[in-house]
Each structure stands twice: as C-alpha cells, then as structure tokens.
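Novice: Data file query29.cif (mmCIF, C-alpha atoms and all ligand atoms) is appended below.
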data_input
loop_
_atom_site.group_PDB
_atom_site.id
_atom_site.type_symbol
_atom_site.label_atom_id
_atom_site.label_comp_id
_atom_site.auth_asym_id
_atom_site.auth_seq_id
_atom_site.Cartn_x
_atom_site.Cartn_y
_atom_site.Cartn_z
ATOM 1 C CA MET D 172 -6.949 42.220 -22.721
ATOM 2 C CA LEU D 173 -8.234 40.596 -19.567
ATOM 3 C CA GLN D 174 -9.127 36.890 -19.637
ATOM 4 C CA LEU D 175 -10.606 34.875 -16.773
ATOM 5 C CA PRO D 176 -11.858 31.265 -16.637
ATOM 6 C CA ASP D 177 -15.567 30.566 -16.328
ATOM 7 C CA GLY D 178 -15.672 30.283 -12.545
ATOM 8 C CA LEU D 179 -13.984 33.645 -12.080
ATOM 9 C CA ARG D 180 -15.301 35.699 -14.987
ATOM 10 C CA ARG D 181 -17.801 37.583 -12.812
ATOM 11 C CA ARG D 182 -14.810 39.215 -11.131
ATOM 12 C CA GLY D 183 -13.610 40.472 -14.517
ATOM 13 C CA ALA D 184 -15.643 43.665 -14.613
ATOM 14 C CA GLY D 185 -14.281 44.796 -11.248
ATOM 15 C CA LEU D 186 -10.706 44.108 -12.362
ATOM 16 C CA ALA D 187 -11.296 45.895 -15.658
ATOM 17 C CA LEU D 188 -12.683 48.970 -13.892
ATOM 18 C CA ALA D 189 -9.703 49.038 -11.529
ATOM 19 C CA LEU D 190 -7.243 48.851 -14.446
ATOM 20 C CA GLN D 191 -9.162 51.524 -16.338
ATOM 21 C CA ALA D 192 -8.979 53.780 -13.273
ATOM 22 C CA ASP D 193 -5.189 53.365 -13.492
ATOM 23 C CA GLY D 194 -5.223 54.612 -17.084
ATOM 24 C CA PHE D 195 -5.197 51.306 -19.049
ATOM 25 C CA GLU D 196 -7.440 50.690 -22.044
ATOM 26 C CA VAL D 197 -9.046 47.348 -21.187
ATOM 27 C CA THR D 198 -11.101 44.747 -23.043
ATOM 28 C CA LEU D 199 -12.621 41.891 -21.060
ATOM 29 C CA ASP D 200 -12.739 38.648 -23.066
ATOM 30 C CA GLY D 201 -16.296 37.338 -22.657
ATOM 31 C CA ASN D 202 -15.695 33.990 -24.349
ATOM 32 C CA PRO D 203 -15.405 30.661 -22.500
ATOM 33 C CA CYS D 204 -11.912 29.860 -21.265
ATOM 34 C CA TYR D 205 -10.912 26.560 -19.667
ATOM 35 C CA GLY D 206 -7.160 26.783 -19.301
ATOM 36 C CA ALA D 207 -3.889 28.339 -20.386
ATOM 37 C CA CYS D 208 -4.332 26.198 -23.518
ATOM 38 C CA ASP D 209 -7.005 28.658 -24.582
ATOM 39 C CA LEU D 210 -5.362 32.109 -24.676
ATOM 40 C CA SER D 211 -7.387 35.023 -26.012
ATOM 41 C CA HIS D 212 -6.899 35.728 -29.729
ATOM 42 C CA GLU D 213 -7.883 39.356 -29.362
ATOM 43 C CA HIS D 214 -5.250 41.921 -30.212
ATOM 44 C CA ALA D 215 -3.696 43.721 -27.232
ATOM 45 C CA ASP D 216 -0.287 44.918 -26.040
ATOM 46 C CA VAL D 217 -0.637 42.735 -22.950
ATOM 47 C CA LEU D 218 -2.889 39.755 -22.250
ATOM 48 C CA VAL D 219 -3.568 39.296 -18.524
ATOM 49 C CA HIS D 220 -4.573 35.641 -18.140
ATOM 50 C CA VAL D 221 -6.029 34.892 -14.711
ATOM 51 C CA GLY D 222 -6.300 31.563 -12.914
ATOM 52 C CA HIS D 223 -3.826 29.306 -14.744
ATOM 53 C CA THR D 224 -0.092 28.655 -14.870
ATOM 54 C CA PRO D 225 1.713 28.724 -18.253
ATOM 55 C CA LEU D 226 1.838 25.491 -20.267
ATOM 56 C CA GLY D 227 5.511 24.880 -20.868
ATOM 57 C CA ARG D 228 8.174 27.547 -20.983
ATOM 58 C CA SER D 229 6.517 30.817 -21.876
ATOM 59 C CA ASP D 230 8.566 32.966 -24.251
ATOM 60 C CA ASP D 231 5.556 35.077 -25.080
ATOM 61 C CA HIS D 232 6.253 38.230 -23.109
ATOM 62 C CA HIS D 233 2.922 39.775 -23.994
ATOM 63 C CA VAL D 234 1.104 37.266 -21.738
ATOM 64 C CA LEU D 235 1.015 37.946 -18.012
ATOM 65 C CA TYR D 236 -0.144 34.861 -16.101
ATOM 66 C CA LEU D 237 -1.873 35.419 -12.778
ATOM 67 C CA PRO D 238 -2.479 31.988 -11.217
ATOM 68 C CA LEU D 239 -4.581 32.148 -8.057
ATOM 69 C CA SER D 240 -4.022 30.451 -4.721
ATOM 70 C CA PHE D 241 -6.915 29.402 -2.521
ATOM 71 C CA ASP D 242 -6.217 28.628 1.119
ATOM 72 C CA ALA D 243 -7.916 25.614 2.575
ATOM 73 C CA ASP D 244 -7.865 23.465 5.668
ATOM 74 C CA LEU D 245 -5.599 20.417 5.658
ATOM 75 C CA ALA D 246 -8.009 18.356 7.760
ATOM 76 C CA ALA D 247 -8.793 16.300 4.644
ATOM 77 C CA LEU D 248 -5.225 14.927 4.681
ATOM 78 C CA GLU D 249 -5.676 13.808 8.299
ATOM 79 C CA ALA D 250 -8.970 12.198 7.287
ATOM 80 C CA ALA D 251 -7.014 10.166 4.703
ATOM 81 C CA LEU D 252 -4.618 8.648 7.270
ATOM 82 C CA PRO D 253 -6.861 5.683 8.258
ATOM 83 C CA LEU D 254 -7.358 4.841 4.558
ATOM 84 C CA LEU D 255 -3.646 4.460 3.759
ATOM 85 C CA ARG D 256 -2.219 0.943 3.444
ATOM 86 C CA GLY D 257 1.512 1.756 3.439
ATOM 87 C CA ARG D 258 3.889 4.448 4.656
ATOM 88 C CA ILE D 259 5.041 5.880 1.260
ATOM 89 C CA VAL D 260 2.640 8.399 -0.253
ATOM 90 C CA GLY D 261 2.735 10.839 -3.145
ATOM 91 C CA LEU D 262 1.032 14.213 -2.848
ATOM 92 C CA VAL D 263 -0.568 16.020 -5.817
ATOM 93 C CA THR D 264 -2.951 18.885 -6.334
ATOM 94 C CA THR D 265 -4.038 21.558 -8.803
ATOM 95 C CA ALA D 266 -2.437 24.988 -9.208
ATOM 96 C CA GLN D 267 -4.707 26.780 -6.752
ATOM 97 C CA HIS D 268 -3.691 24.545 -3.828
ATOM 98 C CA ALA D 269 -0.035 23.870 -4.751
ATOM 99 C CA HIS D 270 1.183 26.347 -2.129
ATOM 100 C CA LEU D 271 -0.374 24.103 0.558
ATOM 101 C CA LEU D 272 1.735 21.040 -0.275
ATOM 102 C CA PRO D 273 4.796 21.813 1.915
ATOM 103 C CA ALA D 274 2.531 22.160 4.975
ATOM 104 C CA GLY D 275 0.576 19.083 3.878
ATOM 105 C CA ALA D 276 3.796 17.068 3.559
ATOM 106 C CA ALA D 277 4.950 18.198 7.007
ATOM 107 C CA LEU D 278 1.621 17.127 8.500
ATOM 108 C CA LEU D 279 1.862 13.671 6.934
ATOM 109 C CA GLU D 280 5.536 13.260 7.872
ATOM 110 C CA ALA D 281 4.634 14.038 11.489
ATOM 111 C CA HIS D 282 2.512 10.872 11.277
ATOM 112 C CA GLY D 283 5.544 8.828 10.182
ATOM 113 C CA LEU D 284 4.875 8.794 6.442
ATOM 114 C CA GLU D 285 7.445 9.179 3.655
ATOM 115 C CA VAL D 286 5.967 11.872 1.413
ATOM 116 C CA ARG D 287 6.935 12.288 -2.249
ATOM 117 C CA ILE D 288 6.098 15.343 -4.357
ATOM 118 C CA GLY D 289 6.907 15.195 -8.074
ATOM 119 C CA GLY D 290 7.460 17.914 -10.633
ATOM 120 C CA PRO D 291 7.610 20.566 -11.816
ATOM 121 C CA THR D 292 7.125 19.120 -15.301
ATOM 122 C CA PRO D 293 7.208 20.999 -18.630
ATOM 123 C CA ARG D 294 3.400 21.447 -18.611
ATOM 124 C CA THR D 295 2.915 21.895 -14.850
ATOM 125 C CA PRO D 296 5.395 24.479 -13.445
ATOM 126 C CA LEU D 297 4.487 24.036 -9.749
ATOM 127 C CA ALA D 298 5.792 21.148 -7.625
ATOM 128 C CA GLY D 299 3.078 18.528 -7.164
ATOM 129 C CA GLN D 300 0.775 20.145 -9.722
ATOM 130 C CA VAL D 301 -1.402 18.087 -12.040
ATOM 131 C CA LEU D 302 -3.720 19.189 -14.832
ATOM 132 C CA GLY D 303 -6.606 17.331 -16.414
ATOM 133 C CA CYS D 304 -4.271 16.747 -19.366
ATOM 134 C CA SER D 305 -0.998 16.146 -17.511
ATOM 135 C CA PHE D 306 -0.305 13.771 -14.638
ATOM 136 C CA GLY D 307 3.509 13.683 -14.910
ATOM 137 C CA ALA D 308 4.053 15.036 -11.377
ATOM 138 C CA ALA D 309 2.019 12.125 -10.005
ATOM 139 C CA ARG D 310 3.960 9.572 -12.073
ATOM 140 C CA GLU D 311 7.282 11.060 -10.957
ATOM 141 C CA THR D 312 6.593 10.175 -7.315
ATOM 142 C CA GLY D 313 6.623 6.446 -8.104
ATOM 143 C CA ALA D 314 4.493 6.104 -4.956
ATOM 144 C CA PRO D 315 2.123 3.133 -4.574
ATOM 145 C CA GLU D 316 -0.482 5.421 -2.999
ATOM 146 C CA LEU D 317 -1.246 9.051 -3.847
ATOM 147 C CA LEU D 318 -3.218 11.695 -2.028
ATOM 148 C CA TYR D 319 -4.957 14.210 -4.286
ATOM 149 C CA LEU D 320 -5.779 17.477 -2.516
ATOM 150 C CA GLY D 321 -8.629 19.156 -4.362
ATOM 151 C CA THR D 322 -12.242 18.986 -5.415
ATOM 152 C CA GLY D 323 -14.011 17.033 -8.171
ATOM 153 C CA VAL D 324 -13.602 13.469 -9.375
ATOM 154 C CA PHE D 325 -11.834 13.835 -12.703
ATOM 155 C CA HIS D 326 -8.327 14.699 -11.490
ATOM 156 C CA PRO D 327 -8.027 11.865 -8.942
ATOM 157 C CA LEU D 328 -9.436 9.390 -11.484
ATOM 158 C CA GLY D 329 -6.936 10.646 -14.052
ATOM 159 C CA VAL D 330 -4.112 10.265 -11.546
ATOM 160 C CA ALA D 331 -5.234 6.698 -10.816
ATOM 161 C CA LEU D 332 -5.401 5.775 -14.521
ATOM 162 C CA ALA D 333 -2.098 7.485 -15.358
ATOM 163 C CA THR D 334 -0.121 5.923 -12.498
ATOM 164 C CA GLY D 335 -1.880 2.660 -11.681
ATOM 165 C CA ALA D 336 -1.490 3.716 -8.024
ATOM 166 C CA ARG D 337 -4.171 3.707 -5.368
ATOM 167 C CA VAL D 338 -5.534 7.261 -5.114
ATOM 168 C CA ILE D 339 -7.325 8.936 -2.226
ATOM 169 C CA ALA D 340 -9.186 12.153 -3.028
ATOM 170 C CA CYS D 341 -8.952 14.670 -0.181
ATOM 171 C CA ASP D 342 -11.508 17.473 -0.419
ATOM 172 C CA PRO D 343 -10.046 20.509 1.358
ATOM 173 C CA TYR D 344 -13.394 22.292 1.657
ATOM 174 C CA ARG D 345 -15.380 19.410 3.118
ATOM 175 C CA GLY D 346 -12.457 17.962 5.092
ATOM 176 C CA THR D 347 -13.244 14.483 3.720
ATOM 177 C CA ALA D 348 -11.174 11.735 2.110
ATOM 178 C CA GLU D 349 -12.177 8.740 0.000
ATOM 179 C CA ALA D 350 -10.434 6.224 -2.228
ATOM 180 C CA VAL D 351 -11.343 6.603 -5.909
ATOM 181 C CA ASP D 352 -12.368 3.675 -8.065
ATOM 182 C CA PRO D 353 -11.523 4.002 -11.771
ATOM 183 C CA ASP D 354 -13.234 0.687 -12.637
ATOM 184 C CA ARG D 355 -16.700 2.189 -13.155
ATOM 185 C CA LEU D 356 -15.269 4.787 -15.527
ATOM 186 C CA LEU D 357 -13.371 2.083 -17.414
ATOM 187 C CA ARG D 358 -16.477 -0.082 -17.768
ATOM 188 C CA ARG D 359 -18.365 2.849 -19.308
ATOM 189 C CA ARG D 360 -15.441 3.622 -21.599
ATOM 190 C CA PHE D 361 -15.260 0.025 -22.807
ATOM 191 C CA GLY D 362 -18.994 0.183 -23.607
ATOM 192 C CA LEU D 363 -18.330 3.199 -25.838
ATOM 193 C CA ILE D 364 -15.367 1.502 -27.474
ATOM 194 C CA GLU D 365 -17.586 -1.445 -28.425
ATOM 195 C CA ARG D 366 -20.109 0.931 -30.046
ATOM 196 C CA VAL D 367 -17.383 2.539 -32.176
ATOM 197 C CA ARG D 368 -16.145 -0.773 -33.570
ATOM 198 C CA GLY D 369 -19.030 -0.863 -36.039
ATOM 199 C CA ALA D 370 -19.229 2.867 -36.871
ATOM 200 C CA ALA D 371 -19.229 3.611 -40.605
ATOM 201 C CA THR D 372 -18.037 7.205 -40.186
ATOM 202 C CA VAL D 373 -15.697 8.626 -37.532
ATOM 203 C CA GLY D 374 -14.745 12.287 -37.021
ATOM 204 C CA ILE D 375 -11.292 12.963 -35.607
ATOM 205 C CA LEU D 376 -11.772 16.204 -33.664
ATOM 206 C CA LEU D 377 -8.941 18.727 -34.079
ATOM 207 C CA SER D 378 -9.082 21.810 -31.848
ATOM 208 C CA THR D 379 -8.504 25.259 -33.289
ATOM 209 C CA LYS D 380 -7.341 26.475 -29.843
ATOM 210 C CA SER D 381 -3.555 26.922 -29.976
ATOM 211 C CA GLY D 382 -2.769 24.972 -26.789
ATOM 212 C CA GLN D 383 -5.136 22.107 -27.589
ATOM 213 C CA ARG D 384 -4.256 21.614 -31.235
ATOM 214 C CA ARG D 385 -2.660 18.175 -31.661
ATOM 215 C CA GLU D 386 -2.544 17.986 -35.419
ATOM 216 C CA SER D 387 0.011 15.212 -35.861
ATOM 217 C CA LEU D 388 -1.995 13.017 -33.453
ATOM 218 C CA ALA D 389 -5.236 13.764 -35.337
ATOM 219 C CA ARG D 390 -3.639 12.973 -38.710
ATOM 220 C CA ARG D 391 -2.092 9.746 -37.387
ATOM 221 C CA LEU D 392 -5.444 8.584 -35.986
ATOM 222 C CA ALA D 393 -7.274 9.453 -39.208
ATOM 223 C CA ALA D 394 -4.739 7.439 -41.221
ATOM 224 C CA LEU D 395 -5.482 4.326 -39.141
ATOM 225 C CA ALA D 396 -8.852 3.927 -40.897
ATOM 226 C CA SER D 397 -8.846 6.399 -43.780
ATOM 227 C CA ASP D 398 -11.858 4.746 -45.456
ATOM 228 C CA ARG D 399 -14.170 5.918 -42.678
ATOM 229 C CA SER D 400 -12.502 8.745 -40.748
ATOM 230 C CA VAL D 401 -12.110 12.438 -41.446
ATOM 231 C CA VAL D 402 -10.342 15.178 -39.450
ATOM 232 C CA VAL D 403 -12.812 17.825 -38.270
ATOM 233 C CA ALA D 404 -11.569 21.216 -37.023
ATOM 234 C CA VAL D 405 -13.646 22.637 -34.159
ATOM 235 C CA GLU D 406 -13.405 25.612 -31.805
ATOM 236 C CA GLU D 407 -15.782 24.259 -29.154
ATOM 237 C CA VAL D 408 -16.710 20.570 -28.933
ATOM 238 C CA THR D 409 -20.421 20.691 -28.063
ATOM 239 C CA PRO D 410 -23.242 18.125 -28.430
ATOM 240 C CA ASP D 411 -24.924 20.376 -31.031
ATOM 241 C CA ALA D 412 -21.746 20.652 -33.092
ATOM 242 C CA LEU D 413 -21.417 16.854 -33.184
ATOM 243 C CA VAL D 414 -25.091 16.279 -34.060
ATOM 244 C CA ASN D 415 -24.907 18.792 -36.904
ATOM 245 C CA LEU D 416 -21.797 17.138 -38.333
ATOM 246 C CA GLY D 417 -23.720 13.868 -38.538
ATOM 247 C CA LEU D 418 -20.858 11.401 -38.121
ATOM 248 C CA GLU D 419 -21.531 8.184 -36.197
ATOM 249 C CA ALA D 420 -18.666 8.537 -33.711
ATOM 250 C CA TYR D 421 -15.793 10.858 -32.835
ATOM 251 C CA VAL D 422 -12.269 10.707 -31.472
ATOM 252 C CA ASN D 423 -11.188 13.658 -29.374
ATOM 253 C CA THR D 424 -7.718 15.178 -29.802
ATOM 254 C CA ALA D 425 -8.697 18.528 -28.191
ATOM 255 C CA CYS D 426 -8.642 18.927 -24.381
ATOM 256 C CA PRO D 427 -8.461 15.333 -23.064
ATOM 257 C CA ARG D 428 -11.109 16.059 -20.431
ATOM 258 C CA ILE D 429 -13.767 16.513 -23.128
ATOM 259 C CA ALA D 430 -13.998 12.802 -23.914
ATOM 260 C CA TYR D 431 -14.254 11.777 -20.248
ATOM 261 C CA ASP D 432 -16.017 14.647 -18.475
ATOM 262 C CA ASP D 433 -18.701 15.350 -21.064
ATOM 263 C CA GLU D 434 -19.348 11.684 -21.870
ATOM 264 C CA ILE D 435 -23.044 11.665 -20.930
ATOM 265 C CA ARG D 436 -23.788 14.950 -22.732
ATOM 266 C CA PHE D 437 -22.724 13.646 -26.130
ATOM 267 C CA PRO D 438 -25.359 11.918 -28.262
ATOM 268 C CA VAL D 439 -22.758 9.703 -29.969
ATOM 269 C CA PRO D 440 -19.563 8.058 -28.663
ATOM 270 C CA VAL D 441 -16.538 10.341 -28.292
ATOM 271 C CA LEU D 442 -13.395 8.294 -27.663
ATOM 272 C CA ALA D 443 -9.951 9.224 -26.408
ATOM 273 C CA PRO D 444 -7.062 8.382 -28.803
ATOM 274 C CA SER D 445 -5.953 5.137 -27.145
ATOM 275 C CA GLU D 446 -9.590 4.013 -26.971
ATOM 276 C CA TYR D 447 -9.912 4.388 -30.728
ATOM 277 C CA GLU D 448 -6.822 2.226 -31.186
ATOM 278 C CA ILE D 449 -8.527 -0.426 -29.028
ATOM 279 C CA ALA D 450 -11.712 -0.127 -31.123
ATOM 280 C CA LEU D 451 -9.653 -0.729 -34.267
ATOM 281 C CA GLY D 452 -7.961 -3.760 -32.739
ATOM 282 C CA LEU D 453 -4.564 -2.042 -32.757
ATOM 283 C CA ARG D 454 -4.169 -1.879 -28.975
ATOM 284 C CA ALA D 455 -4.986 -4.508 -26.331
ATOM 285 C CA TRP D 456 -7.776 -3.946 -23.795
ATOM 286 C CA ASP D 457 -5.300 -4.247 -20.920
ATOM 287 C CA ASP D 458 -3.052 -1.588 -22.478
ATOM 288 C CA TYR D 459 -5.492 1.250 -21.730
ATOM 289 C CA VAL D 460 -3.773 4.668 -21.560
ATOM 290 C CA VAL D 461 -5.460 7.817 -20.252
ATOM 291 C CA ASP D 462 -5.149 10.714 -22.702
ATOM 292 C CA GLU D 463 -2.576 13.392 -21.803
ATOM 293 C CA CYS D 464 -1.046 16.309 -23.696
ATOM 294 C CA GLU D 465 2.741 16.473 -24.124
HETATM 295 S S1 LIG Y 1 -6.122 21.004 -22.390
HETATM 296 FE FE1 LIG Y 1 -7.880 20.796 -20.971
HETATM 297 S S2 LIG Y 1 -7.034 19.956 -19.075
HETATM 298 FE FE2 LIG Y 1 -5.317 20.771 -20.283
HETATM 299 S S3 LIG Y 1 -5.018 22.871 -19.573
HETATM 300 FE FE3 LIG Y 1 -6.431 22.957 -21.315
HETATM 301 S S4 LIG Y 1 -8.502 22.884 -20.435
HETATM 302 FE FE4 LIG Y 1 -7.052 22.181 -18.844
#
Since I need it in another form, could you write the structure as structure tokens?
Specialist:
Amino acid sequence: MLQLPDGLRRRGAGLALALQADGFEVTLDGNPCYGACDLSHEHADVLVHVGHTPLGRSDDHHVLYLPLSFDADLAALEAALPLLRGRIVGLVTTAQHAHLLPAGAALLEAHGLEVRIGGPTPRTPLAGQVLGCSFGAARETGAPELLYLGTGVFHPLGVALATGARVIACDPYRGTAEAVDPDRLLRRRFGLIERVRGAATVGILLSTKSGQRRESLARRLAALASDRSVVVAVEEVTPDALVNLGLEAYVNTACPRIAYDDEIRFPVPVLAPSEYEIALGLRAWDDYVVDECE
C-alpha cells in the first residue's frame, strides 16, 4: 500500500509503477491524507507512508515512513536579523526543512546570536520540528523570540500562541521574514466563542482516524454541558457534513488545525476545546490555550 499526502499524490503513480517493475503488488491509496495521524486502513503487508514522520514511537513494523526533505535557501534567516530585538532565539521548522536547522543555527551564531533548538518530542521526532498539532519543540527552547523556517501562516501563529514568544516567519522560498501577529486570529476566535455561548445544540466532533481520535477529550467536553451537547463521530470534517448534521455549533477534537484553518469555510462556529470551556464560563478569557495533541 502506497500512501502520499495531497500535495504529493500526483507522484504516486510513478512510484507505484517503479515498485511494480520490481515485482511488488501495489495499491495506491487515493483518499485524502493530511498527516501520519491518518494512516491507510487498507490491508497490505507493508504500508509505505510518504511525507511525514511517525507520531510517537512506532512499534508498527508494517509501516515504512518516508519523510521528505526539501532544500531551500537560508536567506530568509538573514532577512530576519534586523527584526530581532534580543540575542537569544529559538529555531523551529516542519519536517521537510528540519535538516536545514544546523546550517541555519550556524548562520545565526555567526551573527552573534545564541540559538536554541528544542526537541525531539514524543510527537515530533526531529530536532526543532513542529506540527500543526504539536509545538513542544518550540516551548522547549524557552526563547523569548523564535524564528520559524517554513511557508504558510498557521504554524508560526500556532508557535506564537503556544509559547507566548515573539515569532518571525521566515519563508525559505521567497527569502522573506516577517513578525506574525496572533491578535487578529484571537479576535476572530473570541467572536466565535461569543456566538457559541447561546447555542442550543453543540456537536463534539470525534475523529474516526486513529491518530486524531481523542475520545476521552470528546467525552469530557460533552459532559460539561450534557443537556445540549452530543459526541459526533466523523471521518472528514467538511462544511457539508456539519450542515447536514444540523447542530448550531461544534467543538473540534479531531486535527486541531481544522478549527483554525478552515474557520471561514464552516457555516457555523467550530471551536477548539479550550474555546468551548471559555464559552461555558469554565475558563478565563486570558487563559486561552491553543489546541495540541498529546
Ligand atoms: S493531527 Fe493534524 S496537524 Fe497533527 S499530524 Fe495530523 S494532520 Fe497534521
């Protein structure tokens, strides 16, 4: 069984043909896949999972993980130098750029900075690696400022929320650097929280994907307001699925990114767990916690 994430799946047919030419019987999994939390269910002697590192210690010897490394220029780290306020910095990235961190640290140290790289952690096996559901390597640095080497806005925002540190996003493909501001995201989230306060029915979303299934969390959240909440098992959290269920609001216990990244696609509020506790008056506004998997 050959499984690739969405951005790489077009390469799957070529890999499958190459394996078949070597005498293997191959099935290419054509379903969406977003991470190592979402391993193929299909029966096979060996699952080749491309593009992600294992989540936690992997005792499952039938899964062969093939994380990918993408080389990139480190000019973005130099572009961040004028934005730094102190001389202690943490350095984090995603799996595909983790191999660049030693060279990135050397570059920054040559400019007189003290560079801290955290991890590995149980969910992120590479030094300095963060996931959209795990920012432990960033927290471990204890640094007041962090440089995130990678693309997109979600990871650096997550790092900022999880650590409280100042975060500068360094895009290795554009060679640019800019400080991220989590305040706009928080303002939008607080707007959603307010809308959920008055909801008569709330669905607590429980993923059926093995690595995203947080059942004890879902049950605990449902018990907080059992007169209006029900646990709903879902494979894919999509706007259509939520509309068809017909509940007024949802709390996401599947992949933490769903609540944040897909916010504008959903027709009704979808809160993260700590946000629901705020909506119920069980957590203070200033005790906001970004959702992470253990
Ligand atoms: S739970 Fe979400 S963020 Fe975490 S590994 Fe899976 S897809 Fe990525």
Novice: Applying the PyMOL selection byres (((chain D and resi 328-339) around 8) and not hetatm) to the file I just gave you, which residues come out? Please list them as an mmCIF file with C-alpha atoms, keeping the file's coordinate frame.
Specialist:
data_model
loop_
_atom_site.group_PDB
_atom_site.id
_atom_site.type_symbol
_atom_site.label_atom_id
_atom_site.label_comp_id
_atom_site.auth_asym_id
_atom_site.auth_seq_id
_atom_site.Cartn_x
_atom_site.Cartn_y
_atom_site.Cartn_z
ATOM 1 C CA ALA D 251 -7.014 10.166 4.703
ATOM 2 C CA LEU D 254 -7.358 4.841 4.558
ATOM 3 C CA GLY D 303 -6.606 17.331 -16.414
ATOM 4 C CA PHE D 306 -0.305 13.771 -14.638
ATOM 5 C CA ALA D 309 2.019 12.125 -10.005
ATOM 6 C CA ARG D 310 3.960 9.572 -12.073
ATOM 7 C CA ALA D 314 4.493 6.104 -4.956
ATOM 8 C CA PRO D 315 2.123 3.133 -4.574
ATOM 9 C CA GLU D 316 -0.482 5.421 -2.999
ATOM 10 C CA LEU D 317 -1.246 9.051 -3.847
ATOM 11 C CA LEU D 318 -3.218 11.695 -2.028
ATOM 12 C CA TYR D 319 -4.957 14.210 -4.286
ATOM 13 C CA VAL D 324 -13.602 13.469 -9.375
ATOM 14 C CA PHE D 325 -11.834 13.835 -12.703
ATOM 15 C CA HIS D 326 -8.327 14.699 -11.490
ATOM 16 C CA PRO D 327 -8.027 11.865 -8.942
ATOM 17 C CA ALA D 340 -9.186 12.153 -3.028
ATOM 18 C CA CYS D 341 -8.952 14.670 -0.181
ATOM 19 C CA ALA D 348 -11.174 11.735 2.110
ATOM 20 C CA GLU D 349 -12.177 8.740 0.000
ATOM 21 C CA ALA D 350 -10.434 6.224 -2.228
ATOM 22 C CA VAL D 351 -11.343 6.603 -5.909
ATOM 23 C CA ASP D 352 -12.368 3.675 -8.065
ATOM 24 C CA PRO D 353 -11.523 4.002 -11.771
ATOM 25 C CA VAL D 460 -3.773 4.668 -21.560
ATOM 26 C CA VAL D 461 -5.460 7.817 -20.252
#
Novice: So which residues are near ligand LIG 1 (chain Y), meaning at most 7 Å away with all atoms listed in the file counted, given back as a ChimeraX atom specification?
Specialist: /D:205-209,302-305,382-383,425-428
Novice: Can you spit out the residues from that selection as a PDB file, in the frame of the given file, using C-alpha atoms?
Specialist:
ATOM      1  CA  TYR D 205     -10.912  26.560 -19.667  1.00  0.00           C
ATOM      2  CA  GLY D 206      -7.160  26.783 -19.301  1.00  0.00           C
ATOM      3  CA  ALA D 207      -3.889  28.339 -20.386  1.00  0.00           C
ATOM      4  CA  CYS D 208      -4.332  26.198 -23.518  1.00  0.00           C
ATOM      5  CA  ASP D 209      -7.005  28.658 -24.582  1.00  0.00           C
ATOM      6  CA  LEU D 302      -3.720  19.189 -14.832  1.00  0.00           C
ATOM      7  CA  GLY D 303      -6.606  17.331 -16.414  1.00  0.00           C
ATOM      8  CA  CYS D 304      -4.271  16.747 -19.366  1.00  0.00           C
ATOM      9  CA  SER D 305      -0.998  16.146 -17.511  1.00  0.00           C
ATOM     10  CA  GLY D 382      -2.769  24.972 -26.789  1.00  0.00           C
ATOM     11  CA  GLN D 383      -5.136  22.107 -27.589  1.00  0.00           C
ATOM     12  CA  ALA D 425      -8.697  18.528 -28.191  1.00  0.00           C
ATOM     13  CA  CYS D 426      -8.642  18.927 -24.381  1.00  0.00           C
ATOM     14  CA  PRO D 427      -8.461  15.333 -23.064  1.00  0.00           C
ATOM     15  CA  ARG D 428     -11.109  16.059 -20.431  1.00  0.00           C
TER      16      ARG D 428
END
Novice: Provide the CA of Gly346 in chain D to CA of Ala281 in chain D distance in Å, to one decimal place.
Specialist: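 For CA of Gly346 in chain D relative to CA of Ala281 in chain D, the distance reads 18.7 Å.
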Novice: Hey, what comes out of the PyMOL selection byres (((chain D and resi 286-296) around 7) and not hetatm) on this file? Could you write it as a PyMOL selection string?
Specialist: chain D and resi 226-227+259-263+276+280+284-285+297-301+305+307-309+311-312
Novice: Using Å and a single decimal, report how far CA of Gln174 in chain D sits from CA of Ala215 in chain D.
Specialist: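 CA of Ala215 in chain D sits 11.6 Å away from CA of Gln174 in chain D.
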Novice: Assuming 8 Å of padding per side, give the centre and edge lengths of the axis-aligned box around every listed atom of range 381-399 of chain D, in Å to one decimal and as AutoDock Vina command-line options.
Specialist:
--center_x -7.1 --center_y 15.4 --center_z -36.1 --size_x 30.2 --size_y 39.0 --size_z 34.7
Novice: Carefully work through the PyMOL selection byres (((chain D and resi 364-366) around 10) and not hetatm) for this structure and note down the residues it includes, as an mmCIF file with C-alpha atoms, in the frame of the given file.
Specialist:
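Here's the written file out.cif:
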data_model
loop_
_atom_site.group_PDB
_atom_site.id
_atom_site.type_symbol
_atom_site.label_atom_id
_atom_site.label_comp_id
_atom_site.auth_asym_id
_atom_site.auth_seq_id
_atom_site.Cartn_x
_atom_site.Cartn_y
_atom_site.Cartn_z
ATOM 1 C CA ARG D 358 -16.477 -0.082 -17.768
ATOM 2 C CA ARG D 359 -18.365 2.849 -19.308
ATOM 3 C CA ARG D 360 -15.441 3.622 -21.599
ATOM 4 C CA PHE D 361 -15.260 0.025 -22.807
ATOM 5 C CA GLY D 362 -18.994 0.183 -23.607
ATOM 6 C CA LEU D 363 -18.330 3.199 -25.838
ATOM 7 C CA VAL D 367 -17.383 2.539 -32.176
ATOM 8 C CA ARG D 368 -16.145 -0.773 -33.570
ATOM 9 C CA GLY D 369 -19.030 -0.863 -36.039
ATOM 10 C CA ALA D 370 -19.229 2.867 -36.871
ATOM 11 C CA GLU D 419 -21.531 8.184 -36.197
ATOM 12 C CA ALA D 420 -18.666 8.537 -33.711
ATOM 13 C CA VAL D 439 -22.758 9.703 -29.969
ATOM 14 C CA PRO D 440 -19.563 8.058 -28.663
ATOM 15 C CA VAL D 441 -16.538 10.341 -28.292
ATOM 16 C CA LEU D 442 -13.395 8.294 -27.663
ATOM 17 C CA ALA D 443 -9.951 9.224 -26.408
ATOM 18 C CA GLU D 446 -9.590 4.013 -26.971
ATOM 19 C CA TYR D 447 -9.912 4.388 -30.728
ATOM 20 C CA GLU D 448 -6.822 2.226 -31.186
ATOM 21 C CA ILE D 449 -8.527 -0.426 -29.028
ATOM 22 C CA ALA D 450 -11.712 -0.127 -31.123
ATOM 23 C CA LEU D 451 -9.653 -0.729 -34.267
#
Novice: Between D:Ala266, D:Ile429, D:Leu388, D:Thr409, which is the closest to Pro444 in chain D once you count only C-alpha atoms?
Specialist: D:Leu388
Novice: Could you jot down the CA of Thr198 in chain D to CA of Ala404 in chain D separation for me, Å, one decimal place?
Specialist: 27.4 Å
Novice: I'd like to know which of D:Leu278, D:Ile375, D:Asp242, D:Ala394 is closest to Gly321 in chain D, using all atoms listed in the file.
Specialist: D:Asp242
Novice: Within 8 Å of (-1.7, 18.2, 4.2) (coordinates as in the file), grab all the protein and nucleic acid residues, counting all atoms listed in the file, and write them out as a list in words.
Specialist: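 The residues near that point, listed by chain and number, are Leu245, Ala246, Ala247, Leu248, Glu249, Leu271, Leu272, Pro273, Ala274, Gly275, Ala276, Ala277, Leu278, Leu279 and Leu320 of chain D.
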Novice: Need to verify the contact set: Glu386 in chain D, 10 Å, only C-alpha atoms, exclusion of same-chain residues closer than 3 positions in sequence. Can you return it as an NGL selection string?
Specialist: :D and (376-379 or 383 or 389-392 or 402 or 404 or 424-425)
Novice: In terms of the shortest atom-to-atom distance over all atoms listed in the file, which of D:Gly178, D:Thr322, D:Arg454, D:Cys464 is closest to Tyr344 in chain D?
Specialist: D:Thr322
